[in-house]
>>> print(open('query.txt').read())   # compact mmCIF, C-alpha atoms
# COMPACT_ATOMS: atom_id res chain seq x y z
CA MET A 283 19.19 -11.67 -24.58
CA ASP A 284 17.84 -9.07 -22.12
CA VAL A 285 14.67 -9.95 -20.19
CA ASP A 286 12.83 -7.48 -17.96
CA THR A 287 12.91 -8.71 -14.35
CA ARG A 288 9.27 -7.68 -14.05
CA LEU A 289 8.35 -10.38 -16.57
CA LEU A 290 10.23 -12.94 -14.50
CA ARG A 291 8.36 -11.87 -11.35
CA TYR A 292 5.07 -12.27 -13.16
CA PHE A 293 6.14 -15.67 -14.42
CA ILE A 294 7.04 -16.89 -10.92
CA ALA A 295 3.73 -15.64 -9.50
CA VAL A 296 1.78 -17.63 -12.08
CA ALA A 297 4.02 -20.67 -11.63
CA GLU A 298 3.50 -20.64 -7.86
CA GLU A 299 -0.26 -20.08 -8.02
CA GLY A 300 -0.96 -22.25 -11.05
CA ASN A 301 -3.80 -19.86 -11.75
CA LEU A 302 -3.87 -16.56 -13.62
CA SER A 303 -6.66 -14.97 -11.58
CA ARG A 304 -5.02 -15.62 -8.22
CA ALA A 305 -1.61 -14.55 -9.51
CA ALA A 306 -3.06 -11.33 -10.93
CA GLU A 307 -4.73 -10.58 -7.59
CA GLY A 308 -1.48 -11.12 -5.71
CA LEU A 309 0.43 -8.90 -8.14
CA PHE A 310 -2.28 -6.19 -8.09
CA VAL A 311 -2.62 -6.22 -11.89
CA SER A 312 -5.51 -7.17 -14.14
CA GLN A 313 -5.72 -10.71 -15.53
CA PRO A 314 -5.56 -9.55 -19.19
CA ALA A 315 -2.43 -7.51 -18.42
CA LEU A 316 -0.79 -10.50 -16.74
CA THR A 317 -1.68 -12.75 -19.70
CA ARG A 318 0.02 -10.28 -22.05
CA GLN A 319 3.16 -10.23 -19.92
CA ILE A 320 3.42 -14.02 -19.86
CA ARG A 321 2.99 -14.18 -23.63
CA GLN A 322 5.64 -11.49 -24.03
CA LEU A 323 8.09 -13.53 -21.95
CA GLU A 324 7.36 -16.68 -23.96
CA SER A 325 7.88 -14.73 -27.17
CA GLN A 326 11.22 -13.34 -26.01
CA LEU A 327 12.48 -16.74 -24.90
CA GLY A 328 11.02 -18.56 -27.88
CA VAL A 329 9.61 -21.33 -25.68
CA ARG A 330 6.24 -22.24 -24.23
CA LEU A 331 6.28 -21.96 -20.46
CA PHE A 332 2.73 -23.00 -19.55
CA THR A 333 0.07 -25.37 -20.73
CA ARG A 334 -3.25 -23.58 -20.35
CA SER A 335 -6.48 -25.32 -19.43
CA ARG A 336 -9.80 -24.59 -17.69
CA THR A 337 -8.32 -25.79 -14.41
CA GLY A 338 -5.28 -23.51 -14.47
CA MET A 339 -1.76 -23.03 -15.74
CA ALA A 340 0.63 -26.01 -15.70
CA LEU A 341 4.35 -25.55 -16.26
CA THR A 342 5.92 -27.16 -19.31
CA GLU A 343 9.29 -28.89 -18.91
CA ALA A 344 11.01 -25.70 -20.06
CA GLY A 345 8.86 -23.73 -17.64
CA ARG A 346 9.87 -25.94 -14.71
CA ILE A 347 13.56 -25.37 -15.43
CA LEU A 348 13.02 -21.62 -15.49
CA ALA A 349 10.89 -21.73 -12.34
CA ASP A 350 13.70 -23.56 -10.51
CA ARG A 351 16.30 -20.92 -11.37
CA VAL A 352 14.46 -17.61 -11.37
CA PRO A 353 13.73 -17.12 -7.60
CA ALA A 354 17.44 -17.16 -6.69
CA LEU A 355 18.23 -14.87 -9.61
CA LEU A 356 15.59 -12.33 -8.55
CA ALA A 357 16.65 -12.50 -4.91
CA ASP A 358 20.25 -11.73 -5.89
CA TRP A 359 19.14 -8.86 -8.10
CA ASP A 360 16.91 -7.38 -5.37
CA HIS A 361 19.80 -7.56 -2.89
CA VAL A 362 22.20 -5.86 -5.30
CA LEU A 363 19.68 -3.17 -6.22
CA ARG A 364 18.74 -2.36 -2.64
CA GLU A 365 22.39 -2.33 -1.53
CA THR A 366 23.34 -0.05 -4.44
CA LYS A 367 20.60 2.45 -3.62
CA SER A 368 21.34 2.25 0.08
CA VAL A 369 25.04 2.95 -0.47
CA ALA A 370 24.16 5.91 -2.70
CA GLY A 371 21.81 7.23 -0.02
CA ARG A 372 24.43 6.88 2.70
CA ALA A 373 27.00 8.65 0.55
CA ALA A 374 24.60 11.56 0.03
CA ARG A 375 23.37 11.35 3.64
CA VAL A 376 19.78 11.07 2.45
CA LEU A 377 17.14 8.79 3.99
CA ARG A 378 14.28 8.14 1.56
CA VAL A 379 10.96 7.90 3.39
CA GLY A 380 7.80 6.99 1.47
CA PHE A 381 4.40 7.82 2.86
CA ILE A 382 0.70 7.54 2.09
CA ALA A 383 -1.66 10.52 2.51
CA SER A 384 -0.85 12.34 5.78
CA ALA A 385 1.86 9.89 6.91
CA ALA A 386 2.05 9.86 10.73
CA ASN A 387 -0.25 12.89 11.03
CA GLU A 388 1.00 15.63 13.38
CA ALA A 389 3.79 13.34 14.62
CA THR A 390 5.63 13.46 11.27
CA PRO A 391 7.48 16.80 11.78
CA ARG A 392 8.55 15.72 15.28
CA ILE A 393 9.86 12.40 13.93
CA ILE A 394 11.93 14.17 11.28
CA ALA A 395 13.22 16.75 13.77
CA GLU A 396 14.34 14.03 16.21
CA PHE A 397 16.03 12.08 13.42
CA SER A 398 17.90 15.22 12.32
CA ARG A 399 19.04 15.73 15.90
CA ARG A 400 20.35 12.16 16.10
CA ARG A 401 21.89 12.25 12.62
CA PRO A 402 23.38 15.72 12.03
CA GLY A 403 24.04 16.37 8.36
CA TRP A 404 21.43 13.84 7.20
CA ARG A 405 18.36 14.85 5.23
CA VAL A 406 14.99 13.05 5.18
CA ASP A 407 13.54 12.96 1.67
CA MET A 408 9.77 12.52 2.11
CA ARG A 409 8.01 11.17 -0.99
CA GLN A 410 4.24 10.76 -1.18
CA ALA A 411 2.90 7.72 -3.02
CA THR A 412 -0.43 7.16 -4.73
CA TRP A 413 -2.89 4.64 -3.31
CA SER A 414 -2.04 2.22 -6.14
CA ASN A 415 1.38 1.92 -4.43
CA PRO A 416 0.30 1.19 -0.85
CA SER A 417 3.83 0.19 0.28
CA ALA A 418 4.91 3.73 -0.79
CA GLY A 419 7.84 2.39 -2.82
CA LEU A 420 9.30 0.27 -0.03
CA ALA A 421 8.46 -3.10 -1.59
CA ASP A 422 10.39 -2.35 -4.77
CA GLY A 423 13.41 -0.86 -3.00
CA ASN A 424 12.81 2.75 -4.00
CA MET A 425 12.39 3.84 -0.36
CA ASP A 426 14.42 3.06 2.77
CA VAL A 427 11.50 3.40 5.21
CA ALA A 428 7.79 4.07 4.87
CA LEU A 429 4.99 5.52 7.00
CA LEU A 430 1.86 3.62 6.04
CA ARG A 431 -1.68 2.61 6.80
CA LEU A 432 -1.88 -1.06 7.77
CA PRO A 433 -2.52 -3.57 6.37
CA PHE A 434 -1.03 -3.20 2.90
CA PRO A 435 -0.14 -5.69 0.13
CA GLY A 436 3.24 -7.36 0.68
CA GLN A 437 3.30 -6.44 4.37
CA ASP A 438 4.27 -9.97 5.40
CA LEU A 439 7.57 -9.65 3.51
CA LEU A 440 8.64 -6.53 5.41
CA ARG A 441 9.18 -5.43 8.99
CA THR A 442 6.41 -3.29 10.45
CA ALA A 443 5.73 -1.64 13.78
CA VAL A 444 2.40 -0.08 14.73
CA LEU A 445 2.73 3.55 15.83
CA PHE A 446 -0.87 4.29 16.76
CA THR A 447 -4.50 3.62 15.92
CA GLU A 448 -7.31 6.05 15.23
CA PRO A 449 -11.04 5.61 14.59
CA ARG A 450 -12.39 5.35 11.07
CA TRP A 451 -14.93 8.01 10.16
CA VAL A 452 -16.93 8.52 6.99
CA ALA A 453 -16.58 11.33 4.46
CA LEU A 454 -19.93 12.40 2.99
CA PRO A 455 -21.15 15.03 0.54
CA GLU A 456 -22.30 17.99 2.61
CA GLY A 457 -25.94 17.57 1.58
CA HIS A 458 -26.11 13.83 2.24
CA PRO A 459 -29.11 12.79 4.39
CA LEU A 460 -26.81 11.13 6.94
CA ALA A 461 -24.52 14.16 7.26
CA THR A 462 -26.62 15.65 10.07
CA ARG A 463 -26.10 12.68 12.40
CA GLU A 464 -23.58 12.87 15.21
CA VAL A 465 -22.53 9.20 14.85
CA ILE A 466 -23.47 6.86 11.98
CA PRO A 467 -23.73 3.08 12.44
CA PHE A 468 -21.68 1.38 9.74
CA ARG A 469 -24.65 -0.83 8.83
CA ASP A 470 -26.51 2.30 7.69
CA LEU A 471 -23.78 2.86 5.08
CA TRP A 472 -23.80 -0.59 3.49
CA ASP A 473 -26.10 0.33 0.62
CA GLU A 474 -24.30 3.59 -0.19
CA PRO A 475 -21.96 3.85 -3.21
CA PHE A 476 -18.34 4.08 -2.08
CA VAL A 477 -15.36 5.88 -3.57
CA ALA A 478 -12.68 3.19 -3.72
CA ALA A 479 -8.98 2.73 -4.41
CA PRO A 480 -8.01 0.87 -7.62
CA PRO A 481 -8.81 -2.89 -7.60
CA GLU A 482 -5.14 -3.85 -7.92
CA THR A 483 -4.45 -2.53 -4.42
CA GLY A 484 -6.10 -5.66 -2.99
CA ARG A 485 -6.05 -5.66 0.82
CA TRP A 486 -5.65 -1.88 0.90
CA ARG A 487 -8.89 -1.37 -1.06
CA ASP A 488 -10.69 -4.00 1.04
CA GLN A 489 -9.60 -2.29 4.25
CA TRP A 490 -11.11 1.05 3.26
CA LEU A 491 -14.28 -0.58 1.98
CA ALA A 492 -14.43 -2.66 5.20
CA THR A 493 -15.38 -5.68 3.08
CA GLY A 494 -14.82 -8.05 5.99
CA GLU A 495 -17.14 -6.09 8.30
CA ARG A 496 -20.27 -6.06 6.15
CA GLY A 497 -21.69 -9.45 7.08
CA GLY A 498 -21.41 -10.57 3.46
CA HIS A 499 -23.30 -7.53 2.17
CA PRO A 500 -21.95 -6.55 -1.29
CA VAL A 501 -20.09 -3.28 -1.84
CA ARG A 502 -21.39 -0.65 -4.28
CA ILE A 503 -18.60 1.25 -6.04
CA GLY A 504 -19.48 4.78 -7.12
CA ALA A 505 -16.02 5.90 -8.26
CA VAL A 506 -12.38 4.75 -8.28
CA THR A 507 -9.60 7.21 -7.38
CA ASP A 508 -5.85 6.98 -6.82
CA GLN A 509 -4.96 10.09 -4.80
CA PRO A 510 -6.47 12.40 -2.19
CA ASP A 511 -7.50 15.26 -4.51
CA GLU A 512 -9.41 12.92 -6.84
CA TRP A 513 -10.94 11.21 -3.82
CA LEU A 514 -12.16 14.49 -2.33
CA SER A 515 -13.60 15.66 -5.64
CA ALA A 516 -15.50 12.39 -6.16
CA ILE A 517 -17.08 12.65 -2.71
CA ALA A 518 -17.92 16.36 -3.02
CA ASN A 519 -19.51 15.72 -6.43
CA GLY A 520 -21.78 13.05 -4.95
CA TYR A 521 -20.30 9.98 -6.66
CA GLY A 522 -20.01 8.17 -3.35
CA ILE A 523 -18.95 8.23 0.27
CA ALA A 524 -15.78 6.82 1.84
CA LEU A 525 -14.36 5.57 5.09
CA ALA A 526 -11.41 7.67 6.24
CA PRO A 527 -9.17 8.06 9.28
CA ALA A 528 -10.59 10.48 11.83
CA SER A 529 -7.58 12.73 11.15
CA ALA A 530 -8.83 13.26 7.58
CA ALA A 531 -11.27 15.78 9.03
CA ARG A 532 -8.21 17.89 9.94
CA PHE A 533 -5.89 17.17 7.04
CA TYR A 534 -8.48 17.00 4.25
CA ALA A 535 -11.12 19.50 5.33
CA ARG A 536 -12.84 20.84 2.21
CA PRO A 537 -16.02 22.79 1.41
CA GLY A 538 -18.77 20.41 0.34
CA ILE A 539 -17.53 17.47 2.46
CA THR A 540 -18.65 16.47 5.95
CA TYR A 541 -16.85 13.97 8.19
CA ARG A 542 -18.76 11.96 10.79
CA PRO A 543 -17.74 9.27 13.32
CA VAL A 544 -18.83 5.72 12.47
CA SER A 545 -19.74 3.01 14.96
CA GLY A 546 -19.45 -0.71 14.29
CA VAL A 547 -16.25 -0.59 12.23
CA SER A 548 -12.69 -1.30 13.36
CA PRO A 549 -10.07 1.46 13.70
CA SER A 550 -7.19 2.25 11.34
CA GLN A 551 -3.53 1.60 12.16
CA VAL A 552 -0.53 3.72 11.19
CA GLY A 553 2.80 1.96 11.07
CA VAL A 554 6.42 2.33 10.10
CA ALA A 555 7.84 -0.28 7.72
CA TRP A 556 11.30 -1.22 6.53
CA ALA A 557 13.07 -4.05 4.69
CA VAL A 558 14.27 -7.12 6.59
CA ALA A 559 17.78 -6.44 5.25
CA ASP A 560 17.75 -3.08 7.05
CA ASP A 561 17.44 -4.63 10.50
CA SER A 562 21.21 -4.06 10.64
CA SER A 563 21.14 -0.52 9.22
CA PRO A 564 21.91 1.98 12.03
CA VAL A 565 20.40 4.86 10.05
CA VAL A 566 17.12 3.07 9.30
CA GLN A 567 16.86 1.84 12.87
CA ASP A 568 17.45 5.35 14.19
CA PHE A 569 14.49 6.55 12.13
CA VAL A 570 12.32 3.66 13.37
CA ASP A 571 13.28 4.50 16.95
CA CYS A 572 12.31 8.13 16.35
CA CYS A 573 8.91 6.94 15.11
CA LEU A 574 8.31 4.77 18.15
CA ASP A 575 9.50 7.37 20.68
CA ARG A 576 7.28 10.40 20.07
CA PRO A 577 4.08 12.03 21.39
CA LEU A 578 0.86 10.67 19.98
CA PRO A 579 -1.14 12.70 17.46
CA GLU A 580 -4.54 14.02 18.53
CA GLY A 581 -7.28 11.40 18.87
CA THR A 582 -5.00 8.36 18.59
CA THR A 583 -3.99 5.51 20.86
CA ILE A 584 -1.16 2.99 21.09
CA THR A 585 -2.13 -0.64 20.53
>>> encode(input="query.txt", output="structure tokens")
Amino acid sequence: MDVDTRLLRYFIAVAEEGNLSRAAEGLFVSQPALTRQIRQLESQLGVRLFTRSRTGMALTEAGRILADRVPALLADWDHVLRETKSVAGRAARVLRVGFIASAANEATPRIIAEFSRRRPGWRVDMRQATWSNPSAGLADGNMDVALLRLPFPGQDLLRTAVLFTEPRWVALPEGHPLATREVIPFRDLWDEPFVAAPPETGRWRDQWLATGERGGHPVRIGAVTDQPDEWLSAIANGYGIALAPASAARFYARPGITYRPVSGVSPSQVGVAWAVADDSSPVVQDFVDCCLDRPLPEGTTIT
């Protein structure tokens, strides 16, 4: 019998949380979707894994046996998969680097150039990820390294190093009443509709809605988008506003959109991330060193 490892990961999340809602939040999927996956696994195995009640999800005896064995099985599979892809990359002399939006801003070309100097014959394969994949493919082993905005879901399971910080600004429709101000207090934006990342991105979405910096004030969502072009269109069309790195004014300048500094909100961090297993990879560590040893982009600081 063949069972999708994804179903096993979903099963373990529910088993550990004992609650579908919390497990779904941690997996960045909807609760109905997670329920369907658990039922699919039970159907494939022909056994009941959970006893459902109003208080949560309790493992059956069969479920407990599976829960005892699956973590080691998944860990072995992850190790084999990552090692296989890493070996293939080394053989082809390709370093796969995932990134979100503008990566490390103007520093990105210099990072790649320095890596190429240190590793002649190697090629950096830059792959942009959507916002629904805020680890840019690193968490699932599809990338060797990633240039990311911190924090992101699953960050605690990876190595990260902060490269620089930059202020968060706000992107507004050009005709918005606040667009004429030089600096906008964040409190003045609380009642505005916001263009947000998908709900399953968890901490990533919360960071760009600044949910923890609103004094308990609820967030209004005007639109949900998953990539920069959709995001820009939603703002320009007046569906909402959005917090953005200050560098967005350079990288995502567009007619119909105005960027303004915001006071009273924390800055954004850009970091480089890699898997714990790659602490001993000379190639990955060379790239990390290139990230940490480079001039700062405009308007940023080291923390």
>>> residues_around(input="query.txt", residues="Glu298 in chain A", least_positions_apart="2", cutoff="12 Å", atoms="all atoms listed in the file", output="CSV table (one decimal) with C-alpha atoms, in the coordinates of the input")
chain,number,residue,atom,x,y,z
A,291,ARG,CA,8.4,-11.9,-11.4
A,292,TYR,CA,5.1,-12.3,-13.2
A,293,PHE,CA,6.1,-15.7,-14.4
A,294,ILE,CA,7.0,-16.9,-10.9
A,295,ALA,CA,3.7,-15.6,-9.5
A,296,VAL,CA,1.8,-17.6,-12.1
A,300,GLY,CA,-1.0,-22.2,-11.0
A,301,ASN,CA,-3.8,-19.9,-11.8
A,302,LEU,CA,-3.9,-16.6,-13.6
A,304,ARG,CA,-5.0,-15.6,-8.2
A,305,ALA,CA,-1.6,-14.6,-9.5
A,306,ALA,CA,-3.1,-11.3,-10.9
A,308,GLY,CA,-1.5,-11.1,-5.7
A,332,PHE,CA,2.7,-23.0,-19.6
A,338,GLY,CA,-5.3,-23.5,-14.5
A,339,MET,CA,-1.8,-23.0,-15.7
A,340,ALA,CA,0.6,-26.0,-15.7
A,341,LEU,CA,4.4,-25.6,-16.3
A,345,GLY,CA,8.9,-23.7,-17.6
A,346,ARG,CA,9.9,-25.9,-14.7
A,349,ALA,CA,10.9,-21.7,-12.3
A,350,ASP,CA,13.7,-23.6,-10.5
A,352,VAL,CA,14.5,-17.6,-11.4
A,353,PRO,CA,13.7,-17.1,-7.6
>>> atom_distance(input="query.txt", atom1="CA of Ala421 in chain A", atom2="CA of Gln551 in chain A")
18.8 Å
>>> residues_near_point(input="query.txt", point="(-6.6, -4.7, -2.9)", cutoff="12 Å", atoms="only C-alpha atoms", output="PyMOL selection string")
chain A and resi 306-312+413-417+433-436+478-493
>>> closest_residue(input="query.txt", among="A:Ala428, A:Arg375, A:Ala516, A:Ala386", to="Arg405 in chain A", atoms="all atoms listed in the file")
A:Arg375
>>> closest_residue(input="query.txt", among="A:Ser303, A:Thr287, A:Gln437, A:Thr583", to="Leu355 in chain A", atoms="only C-alpha atoms")
A:Thr287
>>> residues_around(input="query.txt", residues="range 543-546 of chain A", least_positions_apart="5", cutoff="7 Å", atoms="all atoms listed in the file", output="list in words")
Arg450, Trp451, Val452, Val465, Ile466, Pro467 and Phe468 of chain A
>>> closest_residue(input="query.txt", among="A:Leu432, A:Ala344, A:Leu356, A:Val558", to="Leu290 in chain A", atoms="all atoms listed in the file")
A:Leu356
>>> atom_distance(input="query.txt", atom1="CA of Val554 in chain A", atom2="CA of Gly423 in chain A")
15.2 Å
>>> atom_distance(input="query.txt", atom1="CA of Gly553 in chain A", atom2="CA of Ala443 in chain A")
5.4 Å
